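Novice: My file is structure_34.csv. It has CSV, C-alpha atoms:
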chain,number,residue,atom,x,y,z
A,1,MET,CA,0.0,0.0,0.0
A,2,ALA,CA,1.5,3.3,-1.0
A,3,GLY,CA,0.6,4.7,2.4
A,4,LEU,CA,3.3,2.7,4.1
A,5,VAL,CA,6.0,4.8,2.5
A,6,PRO,CA,7.8,6.7,5.3
A,7,ALA,CA,7.7,10.5,4.8
A,8,PRO,CA,11.2,12.0,4.1
A,9,SER,CA,12.6,14.0,7.0
A,10,PRO,CA,12.1,17.8,6.8
A,11,GLY,CA,14.9,19.7,5.2
A,12,VAL,CA,16.2,16.6,3.3
A,13,VAL,CA,15.5,16.6,-0.5
A,14,ALA,CA,14.1,13.2,-1.3
A,15,LYS,CA,16.4,12.1,-4.1
A,16,LYS,CA,16.6,8.4,-3.4
A,17,PRO,CA,13.5,6.3,-4.2
A,18,ALA,CA,11.2,5.9,-1.2
A,19,ARG,CA,11.2,2.4,0.4
A,20,ARG,CA,8.1,0.4,-0.4
A,21,CYS,CA,6.4,-2.7,0.9
A,22,ALA,CA,5.0,-5.6,-1.1
A,23,GLU,CA,1.2,-5.5,-1.2
A,24,VAL,CA,0.9,-9.1,-0.3
A,25,CYS,CA,2.2,-8.3,3.2
A,26,LEU,CA,-0.8,-6.0,3.7
A,27,GLU,CA,-3.2,-8.7,2.4
A,28,LEU,CA,-1.7,-11.3,4.6
A,29,LEU,CA,-1.8,-9.0,7.6
A,30,CYS,CA,-5.5,-8.2,7.0
A,31,VAL,CA,-6.4,-11.9,6.6
A,32,GLU,CA,-4.5,-12.9,9.7
A,33,SER,CA,-5.9,-10.1,11.8
A,34,VAL,CA,-9.4,-11.1,10.9
A,35,ARG,CA,-8.6,-14.7,11.8
A,36,ILE,CA,-7.0,-13.8,15.2
A,37,PHE,CA,-9.7,-11.5,16.3
A,38,HIS,CA,-12.4,-14.0,15.5
A,39,GLU,CA,-10.4,-16.6,17.4
A,40,LYS,CA,-9.9,-14.6,20.6
A,41,GLN,CA,-13.4,-13.2,20.7
A,42,SER,CA,-16.7,-14.3,19.5
A,43,GLY,CA,-18.9,-12.8,16.8
A,44,PRO,CA,-20.0,-9.1,17.5
A,45,ALA,CA,-17.1,-8.4,19.9
A,46,ALA,CA,-14.5,-9.4,17.2
A,47,ALA,CA,-16.3,-7.3,14.6
A,48,ALA,CA,-16.4,-4.3,17.0
A,49,ALA,CA,-12.7,-4.7,17.8
A,50,LEU,CA,-11.7,-4.9,14.1
A,51,GLU,CA,-13.9,-1.8,13.4
A,52,ALA,CA,-12.2,0.1,16.2
A,53,VAL,CA,-8.8,-0.7,14.8
A,54,GLY,CA,-9.9,0.4,11.4
A,55,PHE,CA,-11.3,3.6,12.9
A,56,ARG,CA,-8.0,4.6,14.4
A,57,VAL,CA,-6.1,3.8,11.2
A,58,GLY,CA,-8.7,5.8,9.2
A,59,GLN,CA,-8.2,8.9,11.4
A,60,GLN,CA,-4.4,8.7,10.9
A,61,LEU,CA,-4.7,8.1,7.1
A,62,ALA,CA,-7.2,10.9,6.7
A,63,GLU,CA,-4.9,13.4,8.4
A,64,ARG,CA,-2.0,12.2,6.3
A,65,TYR,CA,-3.7,12.2,2.9
A,66,THR,CA,-5.2,15.6,3.3
A,67,ARG,CA,-1.8,17.1,3.8
A,68,ASP,CA,-1.2,19.5,1.0
A,69,LYS,CA,-4.8,19.8,-0.2
A,70,PRO,CA,-7.1,22.8,0.5
A,71,ARG,CA,-9.6,22.2,3.2
A,72,LEU,CA,-12.9,20.5,2.4
A,73,GLY,CA,-16.1,22.4,2.9
A,74,ASP,CA,-19.4,20.4,3.2
A,75,THR,CA,-20.3,16.8,3.7
A,76,LEU,CA,-20.6,16.0,0.0
A,77,GLU,CA,-17.1,17.3,-0.7
A,78,ILE,CA,-15.7,15.2,2.1
A,79,ILE,CA,-17.4,12.1,0.8
A,80,LYS,CA,-16.1,12.8,-2.7
A,81,PHE,CA,-12.6,13.2,-1.3
A,82,VAL,CA,-13.0,9.7,0.3
A,83,CYS,CA,-14.3,8.3,-2.9
A,84,LYS,CA,-11.5,9.7,-5.0
A,85,ASP,CA,-8.2,10.5,-3.3
A,86,PHE,CA,-8.6,8.4,-0.2
A,87,TRP,CA,-9.8,5.3,-2.1
A,88,GLN,CA,-7.1,5.8,-4.8
A,89,ALA,CA,-4.3,5.9,-2.2
A,90,LEU,CA,-5.7,3.0,-0.2
A,91,PHE,CA,-7.1,0.6,-2.9
A,92,LYS,CA,-5.4,1.9,-6.0
A,93,LYS,CA,-8.6,2.8,-7.7
A,94,GLN,CA,-11.5,5.2,-7.2
A,95,VAL,CA,-15.0,4.3,-6.1
A,96,ASP,CA,-17.0,3.4,-9.2
A,97,ASN,CA,-20.4,4.7,-8.2
A,98,LEU,CA,-21.7,7.1,-5.7
A,99,LYS,CA,-25.4,7.5,-5.0
A,100,THR,CA,-27.2,9.6,-2.4
A,101,ASN,CA,-30.7,10.2,-1.4
A,102,HIS,CA,-29.9,13.7,-0.4
A,103,ARG,CA,-31.1,13.0,3.1
A,104,GLY,CA,-27.9,11.9,4.6
A,105,VAL,CA,-27.4,8.4,3.1
A,106,TYR,CA,-24.6,7.8,0.6
A,107,VAL,CA,-23.9,4.5,-1.1
A,108,LEU,CA,-20.4,4.0,-2.4
A,109,GLN,CA,-20.0,1.1,-4.9
A,110,ASP,CA,-16.7,-0.5,-5.7
A,111,ASN,CA,-16.8,-3.1,-8.5
A,112,GLY,CA,-13.7,-5.0,-7.7
A,113,PHE,CA,-12.9,-4.3,-4.0
A,114,ARG,CA,-9.2,-4.9,-3.8
A,115,TRP,CA,-9.1,-6.5,-0.4
A,116,LEU,CA,-11.7,-9.1,-1.4
A,117,GLN,CA,-10.1,-10.0,-4.7
A,118,ARG,CA,-8.3,-13.0,-3.2
A,119,LEU,CA,-11.3,-14.4,-1.4
A,120,SER,CA,-12.3,-17.8,-2.7
A,121,PRO,CA,-15.5,-19.5,-1.4
A,122,PRO,CA,-15.0,-22.3,1.0
A,123,SER,CA,-15.0,-25.6,-0.9
A,124,ALA,CA,-18.3,-27.4,-0.8
A,125,PRO,CA,-18.2,-31.2,-0.3
A,126,ALA,CA,-21.4,-31.8,-2.2
A,127,SER,CA,-20.3,-29.9,-5.3
A,128,ALA,CA,-18.8,-32.0,-8.1
A,129,THR,CA,-17.5,-29.0,-10.1
A,130,ALA,CA,-14.0,-27.9,-10.4
A,131,ALA,CA,-14.7,-25.0,-7.9
A,132,ALA,CA,-14.2,-27.5,-5.0
A,133,GLY,CA,-10.8,-27.4,-3.5
A,134,ALA,CA,-9.7,-24.4,-5.5
A,135,PRO,CA,-6.3,-23.1,-4.2
A,136,ALA,CA,-6.7,-20.1,-1.8
A,137,SER,CA,-4.8,-17.7,-4.0
A,138,SER,CA,-7.2,-17.9,-6.9
A,139,ALA,CA,-9.3,-14.9,-7.6
A,140,GLY,CA,-12.8,-14.6,-6.2
A,141,SER,CA,-16.2,-15.2,-7.5
A,142,LEU,CA,-17.8,-18.4,-8.6
A,143,PRO,CA,-18.1,-18.7,-12.4
A,144,PRO,CA,-21.7,-18.3,-13.5
A,145,GLY,CA,-23.3,-21.6,-14.3
A,146,ALA,CA,-21.0,-23.7,-12.1
A,147,GLY,CA,-23.7,-26.0,-11.1
A,148,ALA,CA,-26.8,-25.2,-9.1
A,149,VAL,CA,-26.5,-22.1,-6.9
A,150,ASP,CA,-26.5,-23.3,-3.3
A,151,PRO,CA,-28.1,-20.8,-1.0
A,152,ALA,CA,-26.4,-22.1,2.1
A,153,ARG,CA,-23.0,-21.8,0.3
A,154,GLU,CA,-23.9,-18.3,-0.9
A,155,GLU,CA,-24.7,-17.4,2.7
A,156,ALA,CA,-21.4,-18.8,3.9
A,157,VAL,CA,-19.5,-16.9,1.3
A,158,ARG,CA,-21.3,-13.7,2.3
A,159,GLN,CA,-20.5,-14.2,6.0
A,160,LEU,CA,-16.9,-14.8,5.2
A,161,ALA,CA,-16.8,-11.6,3.1
A,162,LEU,CA,-18.5,-9.6,5.8
A,163,SER,CA,-16.0,-10.7,8.4
A,164,HIS,CA,-13.3,-9.3,6.2
A,165,LEU,CA,-15.1,-6.0,5.6
A,166,HIS,CA,-15.2,-4.8,9.2
A,167,LEU,CA,-11.7,-3.4,8.9
A,168,PRO,CA,-12.3,-1.4,5.7
A,169,CYS,CA,-15.6,-0.1,7.2
A,170,GLY,CA,-13.7,1.1,10.2
A,171,ILE,CA,-11.1,2.8,8.1
A,172,VAL,CA,-13.8,4.7,6.1
A,173,ARG,CA,-15.7,5.6,9.3
A,174,GLY,CA,-12.5,6.8,10.9
A,175,ALA,CA,-11.5,9.0,7.9
A,176,LEU,CA,-15.0,10.5,7.7
A,177,CYS,CA,-15.3,11.2,11.5
A,178,HIS,CA,-11.8,12.8,11.6
A,179,LEU,CA,-12.8,15.1,8.8
A,180,GLY,CA,-15.9,16.1,10.6
A,181,VAL,CA,-18.7,13.9,9.2
A,182,SER,CA,-20.1,11.8,12.1
A,183,CYS,CA,-21.6,8.7,10.5
A,184,SER,CA,-22.0,4.9,10.5
A,185,VAL,CA,-20.7,2.7,7.7
A,186,GLU,CA,-22.0,-0.6,6.7
A,187,ALA,CA,-20.7,-2.9,3.9
A,188,ASP,CA,-22.7,-5.2,1.7
A,189,PRO,CA,-20.9,-7.8,-0.4
A,190,LYS,CA,-23.6,-8.3,-3.0
A,191,GLN,CA,-21.7,-9.8,-5.8
A,192,LEU,CA,-18.0,-10.6,-5.1
A,193,PRO,CA,-15.7,-8.9,-5.7
A,194,SER,CA,-18.0,-5.9,-6.1
A,195,CYS,CA,-19.1,-4.4,-2.8
A,196,THR,CA,-21.2,-1.4,-1.6
A,197,PHE,CA,-20.6,0.7,1.5
A,198,THR,CA,-23.5,2.6,2.9
A,199,VAL,CA,-22.7,5.7,4.8
A,200,ARG,CA,-25.4,7.1,7.1
A,201,ILE,CA,-24.8,10.6,8.4
A,202,MET,CA,-25.8,11.0,12.1
A,203,ALA,CA,-27.5,14.3,12.6
B,204,MET,CA,7.4,45.6,23.3
B,205,SER,CA,10.8,45.2,24.8
B,206,VAL,CA,10.3,41.5,25.6
B,207,PRO,CA,10.0,39.4,22.5
B,208,THR,CA,6.8,37.3,22.4
B,209,LEU,CA,6.5,34.0,20.6
B,210,THR,CA,4.0,31.4,22.0
B,211,PHE,CA,2.9,28.4,20.0
B,212,VAL,CA,-0.2,26.3,20.7
B,213,ILE,CA,-1.8,23.3,19.0
B,214,VAL,CA,-5.5,23.1,19.5
B,215,GLY,CA,-7.3,19.8,18.8
B,216,GLN,CA,-10.7,19.1,17.3
B,217,GLU,CA,-12.6,19.5,20.5
B,218,ASP,CA,-11.0,22.9,21.1
B,219,HIS,CA,-8.7,21.8,23.8
B,220,PRO,CA,-5.0,22.5,23.8
B,221,ILE,CA,-2.8,19.6,22.8
B,222,TYR,CA,0.5,21.3,22.9
B,223,GLU,CA,1.7,24.6,24.3
B,224,VAL,CA,5.2,26.1,24.4
B,225,ASP,CA,6.7,29.5,24.9
B,226,LEU,CA,9.4,29.7,22.3
B,227,THR,CA,11.3,32.6,23.8
B,228,GLY,CA,12.1,30.9,27.1
B,229,PRO,CA,10.0,30.6,30.3
B,230,LYS,CA,8.0,33.7,31.3
B,231,GLU,CA,6.5,34.9,34.6
B,232,GLN,CA,3.1,33.5,35.4
B,233,GLN,CA,1.1,36.7,34.6
B,234,THR,CA,2.4,36.8,31.1
B,235,GLN,CA,1.8,33.1,30.6
B,236,TYR,CA,-1.8,33.5,31.6
B,237,LEU,CA,-2.2,36.5,29.4
B,238,HIS,CA,-0.8,34.6,26.4
B,239,GLN,CA,-3.0,31.6,27.0
B,240,PHE,CA,-6.1,33.8,27.3
B,241,VAL,CA,-5.4,35.7,24.1
B,242,LEU,CA,-4.7,32.6,22.2
B,243,HIS,CA,-7.9,30.8,23.3
B,244,SER,CA,-10.1,33.8,22.7
B,245,SER,CA,-8.7,34.1,19.2
B,246,LEU,CA,-10.2,30.7,18.4
B,247,ASP,CA,-13.5,32.4,17.4
B,248,ALA,CA,-11.6,34.7,15.0
B,249,VAL,CA,-9.9,31.6,13.5
B,250,ASP,CA,-13.4,30.0,13.0
B,251,GLU,CA,-14.6,33.1,11.2
B,252,GLN,CA,-11.6,33.0,8.9
B,253,MET,CA,-12.0,29.3,8.3
B,254,TRP,CA,-15.6,29.8,7.0
B,255,LEU,CA,-14.3,32.5,4.6
B,256,SER,CA,-11.4,30.7,3.0
B,257,ARG,CA,-10.2,27.2,2.1
B,258,GLU,CA,-6.5,28.0,2.6
B,259,PRO,CA,-4.8,26.1,5.4
B,260,HIS,CA,-2.6,29.1,6.1
B,261,LEU,CA,-4.6,31.9,7.6
B,262,LYS,CA,-2.7,35.1,8.1
B,263,VAL,CA,-3.1,37.3,11.1
B,264,VAL,CA,-6.5,36.5,12.5
B,265,ASP,CA,-6.6,38.5,15.7
B,266,ARG,CA,-4.8,41.3,17.4
B,267,PHE,CA,-4.5,42.3,21.0
B,268,ASN,CA,-2.4,45.1,22.5
B,269,GLY,CA,0.3,44.9,19.9
B,270,LEU,CA,0.4,41.1,19.8
B,271,ASN,CA,-0.8,39.2,16.7
B,272,VAL,CA,-2.2,35.7,16.3
B,273,THR,CA,-1.4,33.8,13.2
B,274,ALA,CA,-3.1,30.5,12.5
B,275,PHE,CA,-2.8,27.4,10.4
B,276,VAL,CA,-5.7,25.0,10.0
B,277,THR,CA,-5.5,21.3,9.0
B,278,ALA,CA,-8.2,19.3,7.2
B,279,GLY,CA,-8.8,17.4,10.4
B,280,ASN,CA,-9.7,20.7,12.1
B,281,THR,CA,-6.6,20.9,14.1
B,282,ARG,CA,-5.4,24.5,14.6
B,283,PHE,CA,-1.9,25.7,15.0
B,284,LEU,CA,-1.8,29.1,16.6
B,285,MET,CA,1.2,31.4,17.0
B,286,LEU,CA,1.1,34.5,19.3
B,287,HIS,CA,3.8,36.9,18.1
B,288,ASP,CA,4.7,40.6,18.0
B,289,GLY,CA,4.9,41.1,14.2
B,290,ARG,CA,7.2,38.3,12.8
B,291,SER,CA,7.6,37.7,9.1
B,292,ASP,CA,4.7,35.9,7.5
B,293,ASP,CA,6.9,33.7,5.4
B,294,ALA,CA,9.0,32.6,8.3
B,295,LEU,CA,5.8,31.6,10.2
B,296,ARG,CA,4.5,29.9,7.1
B,297,SER,CA,7.5,27.7,6.8
B,298,PHE,CA,7.5,27.1,10.5
B,299,PHE,CA,3.9,25.9,10.4
B,300,ASN,CA,4.7,23.6,7.5
B,301,GLU,CA,7.6,22.0,9.3
B,302,VAL,CA,5.6,21.6,12.5
B,303,TYR,CA,2.7,20.0,10.6
B,304,GLU,CA,5.2,17.4,9.3
B,305,LEU,CA,6.3,16.7,12.9
B,306,TYR,CA,2.7,16.6,14.1
B,307,LEU,CA,1.7,14.1,11.4
B,308,ARG,CA,4.5,11.8,12.7
B,309,VAL,CA,3.2,12.1,16.2
B,310,LEU,CA,-0.4,11.3,15.0
B,311,LEU,CA,0.8,8.3,13.1
B,312,ASN,CA,2.1,6.8,16.4
B,313,PRO,CA,-0.5,4.1,17.3
B,314,PHE,CA,0.2,4.7,21.0
B,315,HIS,CA,-0.9,8.3,20.8
B,316,THR,CA,-4.6,9.2,21.2
B,317,PRO,CA,-5.5,12.2,19.0
B,318,THR,CA,-7.3,14.0,21.8
B,319,THR,CA,-4.5,13.8,24.5
B,320,ARG,CA,-1.6,16.2,25.0
B,321,ILE,CA,1.6,15.7,23.2
B,322,THR,CA,4.1,14.9,25.9
B,323,SER,CA,7.0,13.7,23.7
B,324,ARG,CA,10.2,15.5,24.7
B,325,ASP,CA,11.6,14.8,21.3
B,326,PHE,CA,8.7,16.7,19.7
B,327,ASP,CA,9.2,19.6,22.1
B,328,ARG,CA,12.9,19.7,21.4
B,329,LYS,CA,12.4,19.7,17.6
B,330,VAL,CA,9.8,22.4,17.7
B,331,LYS,CA,12.1,24.6,19.7
B,332,LEU,CA,15.0,24.0,17.3
B,333,LEU,CA,12.7,24.8,14.3
B,334,ALA,CA,11.6,28.0,15.9
B,335,LYS,CA,15.1,29.1,16.5
B,336,ARG,CA,16.2,28.2,13.0
B,337,LEU,CA,13.2,29.6,11.0
B,338,ILE,CA,12.0,32.5,13.1
B,339,GLY,CA,15.0,33.5,15.1
Can you present the structure in this file as structure tokens?
Specialist:
Amino acid sequence: MAGLVPAPSPGVVAKKPARRCAEVCLELLCVESVRIFHEKQSGPAAAAALEAVGFRVGQQLAERYTRDKPRLGDTLEIIKFVCKDFWQALFKKQVDNLKTNHRGVYVLQDNGFRWLQRLSPPSAPASATAAAGAPASSAGSLPPGAGAVDPAREEAVRQLALSHLHLPCGIVRGALCHLGVSCSVEADPKQLPSCTFTVRIMA
Amino acid sequence: MSVPTLTFVIVGQEDHPIYEVDLTGPKEQQTQYLHQFVLHSSLDAVDEQMWLSREPHLKVVDRFNGLNVTAFVTAGNTRFLMLHDGRSDDALRSFFNEVYELYLRVLLNPFHTPTTRITSRDFDRKVKLLAKRLIG
């Protein structure tokens, strides 16, 4: 993630290339942290803890990424900043679609959420298709028409994706709250790897 | 004023002081109280200026008895205030930029809560060095 580059010390002209970190380290860290949190605590407590971690990170990242930019005015501008610059720095792309009902609810849609790209559904014992036993590093969603769609399996995939989305939700909420927009953020993995984030402004 | 004045304060989002330092050396209590009072009452003036412009660097926002208050506002609504007796605007600008850099480092520390005071002696030392170097 580009955000891990250490800032050059003041007064020193940054001539040499900044040190970077392989993205796979971040992905492994996220996956492992989800696993550990769910091991140590059960269900909602783990989700809340992950969200709190994300919140803190979001605050720090928001302060960092708004560094040389002019200050943002109203809520819509702050949300647009999150959709463009923040998302670009964090997930290497911008949010694909932003919808609002002009009453304080914003829906950010990302077709191809980077942190869910490597998510493969848990292998189903009953399924005879090649999707069973797929290696963990293969990319995400089930190919259409890979046998009958199993609702229980769909639900398991959804739950797995949701557990990995607490951290990004926290990050988005932290960034928004730090910039002055008090809100709640929920994620909805409708069709992997595409994902929507619903931001509800708290009056 | 015969005694040079240069007091620097960082005010957090909830309008409480996160960091205060008198950059010209320790003063007597009365003067310290006066400086604190002037700086905190200038927060209203800073707010007014913030609503008018998008620039993070606000020039002199408030005056009191020959003392000026210059402000710098970050996107996360943290305000850097400097009480001075007519220093150069450019020097203050570069000072604010450098301190912003240091402040970001402090904020990125996972053990530091954004709403608590900055107690790092290193930060204190660097701010004082910067002031000496850039403002004199």
Novice: Within 8 Å of chain B, which residues of chain A are there when counting only C-alpha atoms? Please give them as a list of chain:residue names.
Specialist: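 Close enough to count are A:Pro10, A:Gln60, A:Ala62, A:Glu63, A:Arg64, A:Thr66, A:Arg67, A:Pro70, A:Arg71, A:Leu72, A:Gly73, A:His178, A:Leu179, A:Gly180.
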Novice: I'd like the contact shell of range 88-100 of chain A - 9 Å cut-off, all atoms listed in the file, skipping same-chain residues fewer than 4 positions apart - returned as a list in words.
Specialist: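 Listing them by chain and then by number gives Met1, Ala2, Gly3, Leu61, Tyr65, Lys80, Val82, Cys83, Lys84, Gly104, Val105, Tyr106, Val107, Leu108, Gln109, Asp110, Asn111, Phe113, Arg114 and Trp115 of chain A.
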Novice: Just to be explicit: take each residue in the selection above, keep C-alpha atoms, and write the result as a tab-separated table (two decimals), in the coordinates of the input.
Specialist:
chain	number	residue	atom	x	y	z
A	1	MET	CA	0.00	0.00	0.00
A	2	ALA	CA	1.50	3.30	-1.00
A	3	GLY	CA	0.60	4.70	2.40
A	61	LEU	CA	-4.70	8.10	7.10
A	65	TYR	CA	-3.70	12.20	2.90
A	80	LYS	CA	-16.10	12.80	-2.70
A	82	VAL	CA	-13.00	9.70	0.30
A	83	CYS	CA	-14.30	8.30	-2.90
A	84	LYS	CA	-11.50	9.70	-5.00
A	104	GLY	CA	-27.90	11.90	4.60
A	105	VAL	CA	-27.40	8.40	3.10
A	106	TYR	CA	-24.60	7.80	0.60
A	107	VAL	CA	-23.90	4.50	-1.10
A	108	LEU	CA	-20.40	4.00	-2.40
A	109	GLN	CA	-20.00	1.10	-4.90
A	110	ASP	CA	-16.70	-0.50	-5.70
A	111	ASN	CA	-16.80	-3.10	-8.50
A	113	PHE	CA	-12.90	-4.30	-4.00
A	114	ARG	CA	-9.20	-4.90	-3.80
A	115	TRP	CA	-9.10	-6.50	-0.40
Novice: From the set B:Ala294, B:Ala248, B:Ile321, B:Leu242, which residue has the shortest atom-to-atom contact distance to Leu261 in chain B, counting all atoms listed in the file?
Specialist: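 The shortest atom-to-atom distance to Leu261 in chain B comes from B:Ala248.
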Novice: Would you compute the distance between CA of Ser194 in chain A and CA of Gln117 in chain A? Give it in Å to one decimal.
Specialist: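 Between CA of Ser194 in chain A and CA of Gln117 in chain A the gap works out to 9.0 Å.
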Novice: Please identify all polymer residues within 12 Å of Ile36 in chain A, counting only C-alpha atoms, omitting same-chain residues fewer than 3 positions from it, and present them as a PDB file with C-alpha atoms, in the coordinates of the input.
Specialist:
ATOM      1  CA  LEU A  29      -1.800  -9.000   7.600  1.00  0.00           C
ATOM      2  CA  CYS A  30      -5.500  -8.200   7.000  1.00  0.00           C
ATOM      3  CA  VAL A  31      -6.400 -11.900   6.600  1.00  0.00           C
ATOM      4  CA  GLU A  32      -4.500 -12.900   9.700  1.00  0.00           C
ATOM      5  CA  SER A  33      -5.900 -10.100  11.800  1.00  0.00           C
ATOM      6  CA  GLU A  39     -10.400 -16.600  17.400  1.00  0.00           C
ATOM      7  CA  LYS A  40      -9.900 -14.600  20.600  1.00  0.00           C
ATOM      8  CA  GLN A  41     -13.400 -13.200  20.700  1.00  0.00           C
ATOM      9  CA  SER A  42     -16.700 -14.300  19.500  1.00  0.00           C
ATOM     10  CA  ALA A  46     -14.500  -9.400  17.200  1.00  0.00           C
ATOM     11  CA  ALA A  47     -16.300  -7.300  14.600  1.00  0.00           C
ATOM     12  CA  ALA A  49     -12.700  -4.700  17.800  1.00  0.00           C
ATOM     13  CA  LEU A  50     -11.700  -4.900  14.100  1.00  0.00           C
ATOM     14  CA  SER A 163     -16.000 -10.700   8.400  1.00  0.00           C
ATOM     15  CA  HIS A 164     -13.300  -9.300   6.200  1.00  0.00           C
TER      16      HIS A 164
END
Novice: For the atom pair CA of Gly215 in chain B and CA of Thr318 in chain B, what is the interatomic distance in Å to one decimal place?
Specialist: 6.5 Å
Novice: Pick out the closest residue to Leu337 in chain B from this set: B:His315, B:Leu226, B:Gln239, B:Phe267. Count all atoms listed in the file.
Specialist: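 Nearest to Leu337 in chain B: B:Leu226.
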Novice: Could you check how far CA of Lys230 in chain B sits from CA of Arg324 in chain B, in Å to one decimal?
Specialist: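 Computed distance, CA of Lys230 in chain B to CA of Arg324 in chain B, equals 19.5 Å.
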Novice: If we count all atoms listed in the file and set the cut-off at 10 Å, which residues sit around Val249 in chain B, ignoring sequence neighbours fewer than 5 positions away in its own chain? Please answer as a VMD selection string.
Specialist: chain B and resid 244 254 to 255 261 to 265 272 to 276 282 284
Novice: Nearest residue to Thr208 in chain B out of B:Pro229, B:Leu246, B:Tyr236, B:Asp288, using all atoms listed in the file?
Specialist: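 Smallest separation from Thr208 in chain B among the options: B:Asp288.
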Novice: Give me the residues near Cys177 in chain A as a VMD selection string, where near means some atom within 9 Å (using all atoms listed in the file) and where sequence neighbours in that chain fewer than 5 positions away do not count.
Specialist: chain A and resid 55 58 to 59 172 182 to 183
Novice: Would you fill the gaps in range 73-89 of chain A so it has N, CA and C atoms, then print it as a PDB file, keeping the file's coordinate frame?
Specialist:
ATOM      1  N   GLY A  73     -15.041  21.583   2.323  1.00  0.00           N
ATOM      2  CA  GLY A  73     -16.100  22.400   2.900  1.00  0.00           C
ATOM      3  C   GLY A  73     -17.245  21.493   3.457  1.00  0.00           C
ATOM      4  N   ASP A  74     -18.222  21.101   2.629  1.00  0.00           N
ATOM      5  CA  ASP A  74     -19.400  20.400   3.200  1.00  0.00           C
ATOM      6  C   ASP A  74     -19.264  18.918   3.083  1.00  0.00           C
ATOM      7  N   THR A  75     -20.278  18.247   3.602  1.00  0.00           N
ATOM      8  CA  THR A  75     -20.300  16.800   3.700  1.00  0.00           C
ATOM      9  C   THR A  75     -20.037  16.136   2.335  1.00  0.00           C
ATOM     10  N   LEU A  76     -20.701  16.662   1.307  1.00  0.00           N
ATOM     11  CA  LEU A  76     -20.600  16.000   0.000  1.00  0.00           C
ATOM     12  C   LEU A  76     -19.141  16.063  -0.488  1.00  0.00           C
ATOM     13  N   GLU A  77     -18.465  17.189  -0.234  1.00  0.00           N
ATOM     14  CA  GLU A  77     -17.100  17.300  -0.700  1.00  0.00           C
ATOM     15  C   GLU A  77     -16.194  16.289   0.068  1.00  0.00           C
ATOM     16  N   ILE A  78     -16.474  16.124   1.359  1.00  0.00           N
ATOM     17  CA  ILE A  78     -15.700  15.200   2.100  1.00  0.00           C
ATOM     18  C   ILE A  78     -15.903  13.768   1.615  1.00  0.00           C
ATOM     19  N   ILE A  79     -17.158  13.423   1.312  1.00  0.00           N
ATOM     20  CA  ILE A  79     -17.400  12.100   0.800  1.00  0.00           C
ATOM     21  C   ILE A  79     -16.760  11.907  -0.563  1.00  0.00           C
ATOM     22  N   LYS A  80     -16.757  12.970  -1.361  1.00  0.00           N
ATOM     23  CA  LYS A  80     -16.100  12.800  -2.700  1.00  0.00           C
ATOM     24  C   LYS A  80     -14.605  12.652  -2.514  1.00  0.00           C
ATOM     25  N   PHE A  81     -14.039  13.363  -1.521  1.00  0.00           N
ATOM     26  CA  PHE A  81     -12.600  13.200  -1.300  1.00  0.00           C
ATOM     27  C   PHE A  81     -12.332  11.708  -0.903  1.00  0.00           C
ATOM     28  N   VAL A  82     -13.201  11.123  -0.052  1.00  0.00           N
ATOM     29  CA  VAL A  82     -13.000   9.700   0.300  1.00  0.00           C
ATOM     30  C   VAL A  82     -13.135   8.827  -0.879  1.00  0.00           C
ATOM     31  N   CYS A  83     -14.117   9.130  -1.760  1.00  0.00           N
ATOM     32  CA  CYS A  83     -14.300   8.300  -2.900  1.00  0.00           C
ATOM     33  C   CYS A  83     -13.154   8.365  -3.898  1.00  0.00           C
ATOM     34  N   LYS A  84     -12.529   9.547  -3.993  1.00  0.00           N
ATOM     35  CA  LYS A  84     -11.500   9.700  -5.000  1.00  0.00           C
ATOM     36  C   LYS A  84     -10.096   9.507  -4.434  1.00  0.00           C
ATOM     37  N   ASP A  85      -9.598  10.541  -3.754  1.00  0.00           N
ATOM     38  CA  ASP A  85      -8.200  10.500  -3.300  1.00  0.00           C
ATOM     39  C   ASP A  85      -7.913   9.413  -2.312  1.00  0.00           C
ATOM     40  N   PHE A  86      -8.790   9.320  -1.313  1.00  0.00           N
ATOM     41  CA  PHE A  86      -8.600   8.400  -0.200  1.00  0.00           C
ATOM     42  C   PHE A  86      -8.599   6.944  -0.786  1.00  0.00           C
ATOM     43  N   TRP A  87      -9.622   6.641  -1.595  1.00  0.00           N
ATOM     44  CA  TRP A  87      -9.800   5.300  -2.100  1.00  0.00           C
ATOM     45  C   TRP A  87      -8.591   4.984  -3.068  1.00  0.00           C
ATOM     46  N   GLN A  88      -8.156   6.005  -3.829  1.00  0.00           N
ATOM     47  CA  GLN A  88      -7.100   5.800  -4.800  1.00  0.00           C
ATOM     48  C   GLN A  88      -5.787   5.447  -4.000  1.00  0.00           C
ATOM     49  N   ALA A  89      -5.546   6.151  -2.910  1.00  0.00           N
ATOM     50  CA  ALA A  89      -4.300   5.900  -2.200  1.00  0.00           C
ATOM     51  C   ALA A  89      -4.382   4.552  -1.460  1.00  0.00           C
TER      52      ALA A  89
END
